[in-house]
Amino acid sequence: MPYKIDDVLPPELLTEVDPGTNLLVSGPAMSGKRQLLLQLLARGTSEGEGSVVVTSRNPAEDVTQSYRDVLDGDLGYFRIIDCVSSRSGAEVDGARVHEVSSPGDLTGIGIEFSEIARDAEAADIERLRVGFDSLSPLLMYVDLQRLFRFLHVFTSQIQSRDWLGLFAIDPDSHDQQEVNTISQLFDGMIEIRLGDDGREARVRGVTDAPTDWVALDE
């Protein structure tokens, strides 16, 4: 059964995504890509799906509050892998937090993600939406080749379990070659840009052809 994302993106762009899909959510700073990512995660709670956020920018408290702001109902199964603060094993406003020492600790992120996968299985959560906010800080800690290998394994886990992966990136923070290399790992991309009349988005890779740019703020 596809993952529904209607009521989040304009219907001209995308209304559902096949299980096992990994999408890159690309947009510059202040484009609202983090909020969009959280909205896409929260959309699944009404379907009984769980959510995981890997945060490399904001502490767990901020992520939980932002997630609640876009959520219509209880948190449900919600887990955070926090790479910027120290709250291992703690709960923040109902969210279970897994702490990793820094955004550069790719091994730690992988270990915590595997633990969450086992926990979700034990809790009979078959469908998870996984959000990664954001990939950009990781490239300040590790080189592109190492990040590519890590993401290859990480996205493959999501694909093999028929989950949905959503990975934010700021293309203005990297040269085009880095973005092109990373994008090879993903099934498609949601691109956001700031136009004269507000934010616009388009989808590439998971539609028959790239969509037109569509206003997000109407």
# chains A, B, ... in the order shown; residues from 1 in each chain; ligands from 1
>>> residues_around(residues="segment 21-37 of chain A", least_positions_apart="5", cutoff="7 Å", atoms="only C-alpha atoms", output="PDB file with N, CA, C and O atoms, in the first residue's frame")
ATOM      1  N   GLY A 131      12.749  10.508   8.586  1.00  0.00           N
ATOM      2  CA  GLY A 131      13.188  11.822   8.135  1.00  0.00           C
ATOM      3  C   GLY A 131      14.598  12.125   8.603  1.00  0.00           C
ATOM      4  O   GLY A 131      14.932  11.876   9.767  1.00  0.00           O
ATOM      5  N   ASP A 133      17.133  15.240   8.954  1.00  0.00           N
ATOM      6  CA  ASP A 133      17.239  16.695   8.892  1.00  0.00           C
ATOM      7  C   ASP A 133      18.521  17.153   9.603  1.00  0.00           C
ATOM      8  O   ASP A 133      18.539  17.287  10.820  1.00  0.00           O
ATOM      9  N   THR A 155      19.838   4.029   3.182  1.00  0.00           N
ATOM     10  CA  THR A 155      18.683   4.023   2.278  1.00  0.00           C
ATOM     11  C   THR A 155      18.300   2.601   1.877  1.00  0.00           C
ATOM     12  O   THR A 155      17.116   2.321   1.656  1.00  0.00           O
ATOM     13  N   GLN A 159      14.642   0.843   2.069  1.00  0.00           N
ATOM     14  CA  GLN A 159      14.058   0.192   0.885  1.00  0.00           C
ATOM     15  C   GLN A 159      13.685  -1.260   1.178  1.00  0.00           C
ATOM     16  O   GLN A 159      12.589  -1.716   0.830  1.00  0.00           O
ATOM     17  N   LEU A 164       9.505   4.532   4.181  1.00  0.00           N
ATOM     18  CA  LEU A 164       9.632   5.742   3.373  1.00  0.00           C
ATOM     19  C   LEU A 164      10.733   6.606   3.958  1.00  0.00           C
ATOM     20  O   LEU A 164      10.727   6.896   5.162  1.00  0.00           O
ATOM     21  N   GLY A 165      11.680   7.027   3.135  1.00  0.00           N
ATOM     22  CA  GLY A 165      12.783   7.867   3.585  1.00  0.00           C
ATOM     23  C   GLY A 165      12.707   9.257   2.982  1.00  0.00           C
ATOM     24  O   GLY A 165      12.474   9.416   1.781  1.00  0.00           O
ATOM     25  N   LEU A 166      12.920  10.274   3.827  1.00  0.00           N
ATOM     26  CA  LEU A 166      12.879  11.678   3.411  1.00  0.00           C
ATOM     27  C   LEU A 166      14.118  12.368   3.969  1.00  0.00           C
ATOM     28  O   LEU A 166      14.297  12.444   5.188  1.00  0.00           O
ATOM     29  N   PHE A 167      14.984  12.866   3.096  1.00  0.00           N
ATOM     30  CA  PHE A 167      16.293  13.369   3.497  1.00  0.00           C
ATOM     31  C   PHE A 167      16.455  14.806   3.024  1.00  0.00           C
ATOM     32  O   PHE A 167      16.454  15.075   1.812  1.00  0.00           O
ATOM     33  N   ALA A 168      16.584  15.747   3.958  1.00  0.00           N
ATOM     34  CA  ALA A 168      16.719  17.161   3.606  1.00  0.00           C
ATOM     35  C   ALA A 168      18.171  17.496   3.284  1.00  0.00           C
ATOM     36  O   ALA A 168      19.110  16.950   3.870  1.00  0.00           O
ATOM     37  N   ILE A 169      18.336  18.438   2.342  1.00  0.00           N
ATOM     38  CA  ILE A 169      19.667  18.939   2.005  1.00  0.00           C
ATOM     39  C   ILE A 169      19.536  20.384   1.527  1.00  0.00           C
ATOM     40  O   ILE A 169      18.527  20.759   0.910  1.00  0.00           O
ATOM     41  N   ASP A 170      20.543  21.195   1.839  1.00  0.00           N
ATOM     42  CA  ASP A 170      20.606  22.571   1.364  1.00  0.00           C
ATOM     43  C   ASP A 170      21.599  22.621   0.209  1.00  0.00           C
ATOM     44  O   ASP A 170      22.811  22.574   0.424  1.00  0.00           O
ATOM     45  N   PRO A 171      21.113  22.701  -1.039  1.00  0.00           N
ATOM     46  CA  PRO A 171      22.038  22.636  -2.175  1.00  0.00           C
ATOM     47  C   PRO A 171      22.989  23.823  -2.239  1.00  0.00           C
ATOM     48  O   PRO A 171      24.083  23.706  -2.822  1.00  0.00           O
ATOM     49  N   ASP A 172      22.619  24.947  -1.634  1.00  0.00           N
ATOM     50  CA  ASP A 172      23.492  26.120  -1.662  1.00  0.00           C
ATOM     51  C   ASP A 172      24.717  25.963  -0.773  1.00  0.00           C
ATOM     52  O   ASP A 172      25.656  26.764  -0.864  1.00  0.00           O
ATOM     53  N   PHE A 186      19.029   8.305  -4.413  1.00  0.00           N
ATOM     54  CA  PHE A 186      17.618   8.504  -4.112  1.00  0.00           C
ATOM     55  C   PHE A 186      16.748   8.223  -5.334  1.00  0.00           C
ATOM     56  O   PHE A 186      17.171   8.382  -6.475  1.00  0.00           O
ATOM     57  N   ASP A 187      15.515   7.810  -5.029  1.00  0.00           N
ATOM     58  CA  ASP A 187      14.572   7.485  -6.099  1.00  0.00           C
ATOM     59  C   ASP A 187      14.022   8.728  -6.772  1.00  0.00           C
ATOM     60  O   ASP A 187      13.562   8.679  -7.913  1.00  0.00           O
ATOM     61  N   GLY A 188      14.050   9.838  -6.065  1.00  0.00           N
ATOM     62  CA  GLY A 188      13.522  11.078  -6.603  1.00  0.00           C
ATOM     63  C   GLY A 188      13.830  12.231  -5.681  1.00  0.00           C
ATOM     64  O   GLY A 188      14.499  12.082  -4.647  1.00  0.00           O
ATOM     65  N   MET A 189      13.317  13.396  -6.063  1.00  0.00           N
ATOM     66  CA  MET A 189      13.639  14.609  -5.329  1.00  0.00           C
ATOM     67  C   MET A 189      12.435  15.538  -5.296  1.00  0.00           C
ATOM     68  O   MET A 189      11.724  15.685  -6.291  1.00  0.00           O
ATOM     69  N   ILE A 190      12.209  16.126  -4.113  1.00  0.00           N
ATOM     70  CA  ILE A 190      11.279  17.246  -3.979  1.00  0.00           C
ATOM     71  C   ILE A 190      12.140  18.491  -3.856  1.00  0.00           C
ATOM     72  O   ILE A 190      12.898  18.649  -2.895  1.00  0.00           O
ATOM     73  N   GLU A 191      12.046  19.372  -4.846  1.00  0.00           N
ATOM     74  CA  GLU A 191      12.846  20.586  -4.861  1.00  0.00           C
ATOM     75  C   GLU A 191      11.988  21.779  -4.450  1.00  0.00           C
ATOM     76  O   GLU A 191      10.855  21.921  -4.912  1.00  0.00           O
ATOM     77  N   ILE A 192      12.540  22.636  -3.609  1.00  0.00           N
ATOM     78  CA  ILE A 192      11.871  23.862  -3.182  1.00  0.00           C
ATOM     79  C   ILE A 192      12.742  25.049  -3.581  1.00  0.00           C
ATOM     80  O   ILE A 192      13.966  25.002  -3.458  1.00  0.00           O
ATOM     81  N   ARG A 193      12.089  26.084  -4.085  1.00  0.00           N
ATOM     82  CA  ARG A 193      12.806  27.317  -4.390  1.00  0.00           C
ATOM     83  C   ARG A 193      11.981  28.509  -3.915  1.00  0.00           C
ATOM     84  O   ARG A 193      10.766  28.404  -3.694  1.00  0.00           O
ATOM     85  N   LEU A 194      12.665  29.623  -3.726  1.00  0.00           N
ATOM     86  CA  LEU A 194      12.007  30.855  -3.305  1.00  0.00           C
ATOM     87  C   LEU A 194      11.803  31.730  -4.523  1.00  0.00           C
ATOM     88  O   LEU A 194      12.762  32.242  -5.114  1.00  0.00           O
ATOM     89  N   ARG A 199       7.125  30.530  -2.019  1.00  0.00           N
ATOM     90  CA  ARG A 199       7.796  29.250  -2.260  1.00  0.00           C
ATOM     91  C   ARG A 199       7.136  28.470  -3.392  1.00  0.00           C
ATOM     92  O   ARG A 199       5.921  28.478  -3.552  1.00  0.00           O
TER      93      ARG A 199
END
>>> residues_around(residues="Gly110 of chain A", least_positions_apart="2", cutoff="10 Å", atoms="only C-alpha atoms", output="number ranges by chain")
A: 81, 100, 105-108, 112-116, 150-151, 153-154
>>> closest_residue(among="A:Arg129, A:His152, A:Arg43, A:Val214", to="Gly195 of chain A", atoms="only C-alpha atoms")
A:Val214
>>> closest_residue(among="A:Leu128, A:Tyr3, A:Leu13, A:Ser160", to="Glu200 of chain A", atoms="only C-alpha atoms")
A:Leu13
>>> residues_around(residues="segment 73-80 of chain A", least_positions_apart="2", cutoff="6 Å", atoms="only C-alpha atoms", output="VMD selection string")
chain A and resid 50 to 54 71 82 95 to 97
>>> select_by_dssp(residues="segment 11-209 of chain A", states="alpha helix (DSSP H)", output="VMD selection string")
chain A and resid 33 to 42 60 to 70 106 to 122 144 to 160 176 to 183
>>> residues_around(residues="Pro2 of chain A", least_positions_apart="6", cutoff="12 Å", atoms="only C-alpha atoms", output="short mmCIF file (atom, residue, chain, number, x, y, z; two decimals) with all heavy atoms, in the first residue's frame")
data_model
loop_
_atom_site.label_atom_id
_atom_site.label_comp_id
_atom_site.auth_asym_id
_atom_site.auth_seq_id
_atom_site.Cartn_x
_atom_site.Cartn_y
_atom_site.Cartn_z
N LEU A 14 2.36 15.42 -6.14
CA LEU A 14 2.45 14.04 -5.68
C LEU A 14 1.41 13.82 -4.59
O LEU A 14 1.23 14.67 -3.72
CB LEU A 14 3.85 13.78 -5.10
CG LEU A 14 4.44 12.36 -5.17
CD1 LEU A 14 4.51 11.85 -6.60
CD2 LEU A 14 5.82 12.34 -4.54
N THR A 15 0.72 12.68 -4.63
CA THR A 15 -0.27 12.37 -3.60
C THR A 15 0.08 11.11 -2.83
O THR A 15 -0.44 10.90 -1.72
CB THR A 15 -1.67 12.19 -4.22
OG1 THR A 15 -1.62 11.13 -5.19
CG2 THR A 15 -2.12 13.47 -4.91
N GLU A 16 0.93 10.24 -3.38
CA GLU A 16 1.32 9.03 -2.68
C GLU A 16 2.67 8.56 -3.19
O GLU A 16 3.12 8.94 -4.28
CB GLU A 16 0.27 7.93 -2.86
CG GLU A 16 0.01 7.53 -4.30
CD GLU A 16 -1.11 6.52 -4.42
OE1 GLU A 16 -2.01 6.49 -3.56
OE2 GLU A 16 -1.09 5.73 -5.40
N VAL A 17 3.34 7.73 -2.39
CA VAL A 17 4.69 7.25 -2.69
C VAL A 17 4.75 5.76 -2.42
O VAL A 17 4.22 5.28 -1.41
CB VAL A 17 5.74 7.99 -1.84
CG1 VAL A 17 7.14 7.52 -2.19
CG2 VAL A 17 5.64 9.50 -2.02
N ASP A 18 5.38 5.02 -3.31
CA ASP A 18 5.49 3.57 -3.15
C ASP A 18 6.34 3.21 -1.92
O ASP A 18 7.30 3.92 -1.59
CB ASP A 18 6.12 2.94 -4.38
CG ASP A 18 5.20 2.96 -5.59
OD1 ASP A 18 3.98 3.04 -5.40
OD2 ASP A 18 5.73 2.91 -6.72
N PRO A 19 6.01 2.10 -1.25
CA PRO A 19 6.86 1.62 -0.15
C PRO A 19 8.29 1.40 -0.62
O PRO A 19 8.54 0.97 -1.75
CB PRO A 19 6.20 0.30 0.25
CG PRO A 19 4.77 0.43 -0.20
CD PRO A 19 4.83 1.24 -1.46
N GLY A 20 9.23 1.69 0.26
CA GLY A 20 10.64 1.51 -0.07
C GLY A 20 11.27 2.67 -0.80
O GLY A 20 12.43 2.59 -1.22
N THR A 21 10.55 3.77 -0.94
CA THR A 21 11.05 4.94 -1.67
C THR A 21 11.88 5.83 -0.75
O THR A 21 11.54 6.04 0.41
CB THR A 21 9.87 5.76 -2.24
OG1 THR A 21 9.16 4.96 -3.19
CG2 THR A 21 10.37 7.02 -2.93
N GLY A 44 1.53 10.26 8.24
CA GLY A 44 1.33 8.83 8.39
C GLY A 44 0.70 8.41 9.70
O GLY A 44 0.26 7.26 9.84
N GLU A 47 -2.63 6.87 9.68
CA GLU A 47 -2.66 5.55 9.07
C GLU A 47 -2.01 4.50 9.98
O GLU A 47 -1.83 3.35 9.57
CB GLU A 47 -1.91 5.57 7.72
CG GLU A 47 -2.25 6.73 6.80
CD GLU A 47 -3.66 6.66 6.29
OE1 GLU A 47 -4.19 5.54 6.15
OE2 GLU A 47 -4.25 7.73 6.01
N GLU A 49 1.08 4.65 11.10
CA GLU A 49 2.50 4.52 10.79
C GLU A 49 3.35 5.22 11.86
O GLU A 49 2.91 6.17 12.50
CB GLU A 49 2.79 5.14 9.42
CG GLU A 49 2.04 4.45 8.29
CD GLU A 49 2.02 5.26 7.01
OE1 GLU A 49 2.66 6.33 6.97
OE2 GLU A 49 1.36 4.83 6.05
N ARG A 127 5.15 -0.08 9.32
CA ARG A 127 5.41 1.01 8.38
C ARG A 127 5.98 2.22 9.12
O ARG A 127 5.40 2.70 10.09
CB ARG A 127 4.12 1.39 7.64
CG ARG A 127 3.69 0.31 6.65
CD ARG A 127 2.24 0.50 6.23
NE ARG A 127 1.99 1.73 5.50
CZ ARG A 127 2.09 1.88 4.19
NH1 ARG A 127 2.48 0.85 3.43
NH2 ARG A 127 1.82 3.03 3.60
N ARG A 129 8.02 6.09 8.59
CA ARG A 129 8.52 7.19 7.78
C ARG A 129 9.77 7.73 8.48
O ARG A 129 9.70 8.08 9.66
CB ARG A 129 7.46 8.28 7.63
CG ARG A 129 6.19 7.78 6.98
CD ARG A 129 5.22 8.91 6.66
NE ARG A 129 3.99 8.38 6.11
CZ ARG A 129 3.20 9.03 5.24
NH1 ARG A 129 3.54 10.25 4.86
NH2 ARG A 129 2.09 8.49 4.79
N ASP A 162 10.51 -1.68 3.13
CA ASP A 162 9.32 -1.02 2.56
C ASP A 162 8.88 0.18 3.38
O ASP A 162 7.70 0.47 3.50
CB ASP A 162 8.16 -2.01 2.39
CG ASP A 162 8.34 -2.93 1.21
OD1 ASP A 162 9.12 -2.58 0.29
OD2 ASP A 162 7.71 -4.00 1.18
N TRP A 163 9.83 0.91 3.94
CA TRP A 163 9.54 2.15 4.64
C TRP A 163 9.64 3.32 3.67
O TRP A 163 9.84 3.13 2.46
CB TRP A 163 10.50 2.33 5.81
CG TRP A 163 10.32 1.33 6.91
CD1 TRP A 163 9.26 0.47 7.09
CD2 TRP A 163 11.23 1.05 7.98
NE1 TRP A 163 9.43 -0.30 8.20
CE2 TRP A 163 10.64 0.03 8.77
CE3 TRP A 163 12.46 1.57 8.35
CZ2 TRP A 163 11.26 -0.48 9.91
CZ3 TRP A 163 13.09 1.06 9.49
CH2 TRP A 163 12.49 0.05 10.26
N LEU A 164 9.51 4.53 4.18
CA LEU A 164 9.63 5.74 3.37
C LEU A 164 10.73 6.61 3.96
O LEU A 164 10.73 6.90 5.16
CB LEU A 164 8.31 6.51 3.36
CG LEU A 164 8.32 7.91 2.71
CD1 LEU A 164 8.68 7.81 1.23
CD2 LEU A 164 6.96 8.59 2.89
#
>>> residues_around(residues="Thr181 of chain A", least_positions_apart="4", cutoff="9 Å", atoms="only C-alpha atoms", output="list in words")
Leu144, Phe148, Gln176, Gln177 and Leu185 of chain A
>>> write_last_selection(atoms="N, CA, C and O atoms", output="PDB file, in the first residue's frame")
ATOM      1  N   LEU A 144      32.850  13.248   1.286  1.00  0.00           N
ATOM      2  CA  LEU A 144      31.731  12.838   0.444  1.00  0.00           C
ATOM      3  C   LEU A 144      31.698  11.330   0.237  1.00  0.00           C
ATOM      4  O   LEU A 144      30.626  10.716   0.263  1.00  0.00           O
ATOM      5  N   PHE A 148      28.625   8.964   1.249  1.00  0.00           N
ATOM      6  CA  PHE A 148      27.953   8.192   0.203  1.00  0.00           C
ATOM      7  C   PHE A 148      27.800   6.732   0.618  1.00  0.00           C
ATOM      8  O   PHE A 148      26.724   6.145   0.460  1.00  0.00           O
ATOM      9  N   GLN A 176      27.846  21.682  -6.849  1.00  0.00           N
ATOM     10  CA  GLN A 176      26.861  20.904  -7.603  1.00  0.00           C
ATOM     11  C   GLN A 176      27.283  19.449  -7.730  1.00  0.00           C
ATOM     12  O   GLN A 176      26.431  18.548  -7.733  1.00  0.00           O
ATOM     13  N   GLN A 177      28.571  19.175  -7.806  1.00  0.00           N
ATOM     14  CA  GLN A 177      29.036  17.803  -7.932  1.00  0.00           C
ATOM     15  C   GLN A 177      28.685  16.977  -6.696  1.00  0.00           C
ATOM     16  O   GLN A 177      28.285  15.820  -6.796  1.00  0.00           O
ATOM     17  N   LEU A 185      21.674   8.297  -5.000  1.00  0.00           N
ATOM     18  CA  LEU A 185      21.211   7.282  -4.062  1.00  0.00           C
ATOM     19  C   LEU A 185      19.694   7.300  -3.864  1.00  0.00           C
ATOM     20  O   LEU A 185      19.148   6.395  -3.233  1.00  0.00           O
TER      21      LEU A 185
END
>>> residues_around(residues="Met140 of chain A", least_positions_apart="5", cutoff="12 Å", atoms="only C-alpha atoms", output="CSV table (one decimal) with C-alpha atoms, in the first residue's frame")
chain,number,residue,atom,x,y,z
A,56,SER,CA,21.8,17.0,12.9
A,57,ARG,CA,20.8,20.6,13.3
A,102,SER,CA,28.0,14.3,16.7
A,103,PRO,CA,26.7,14.6,13.2
A,104,GLY,CA,30.0,13.0,12.1
A,105,ASP,CA,29.4,9.8,14.1
A,134,SER,CA,19.7,17.4,7.5
A,135,LEU,CA,22.5,15.8,5.4
A,146,ARG,CA,32.3,8.2,3.4
A,147,LEU,CA,28.9,9.9,3.5
A,173,SER,CA,25.8,24.7,1.0
A,174,HIS,CA,27.6,22.4,-1.4
>>> closest_residue(among="A:Ala122, A:Val142, A:Tyr67, A:Glu12", to="Thr207 of chain A", atoms="only C-alpha atoms")
A:Glu12
>>> atom_distance(atom1="atom CA of Val203 of chain A", atom2="atom CA of Pro11 of chain A")
11.3 Å
>>> select_by_dssp(residues="segment 100-140 of chain A", states="strand (DSSP E)", output="number ranges by chain")
A: 128-133
>>> atom_distance(atom1="atom CA of Phe132 of chain A", atom2="atom CA of Leu38 of chain A")
9.8 Å
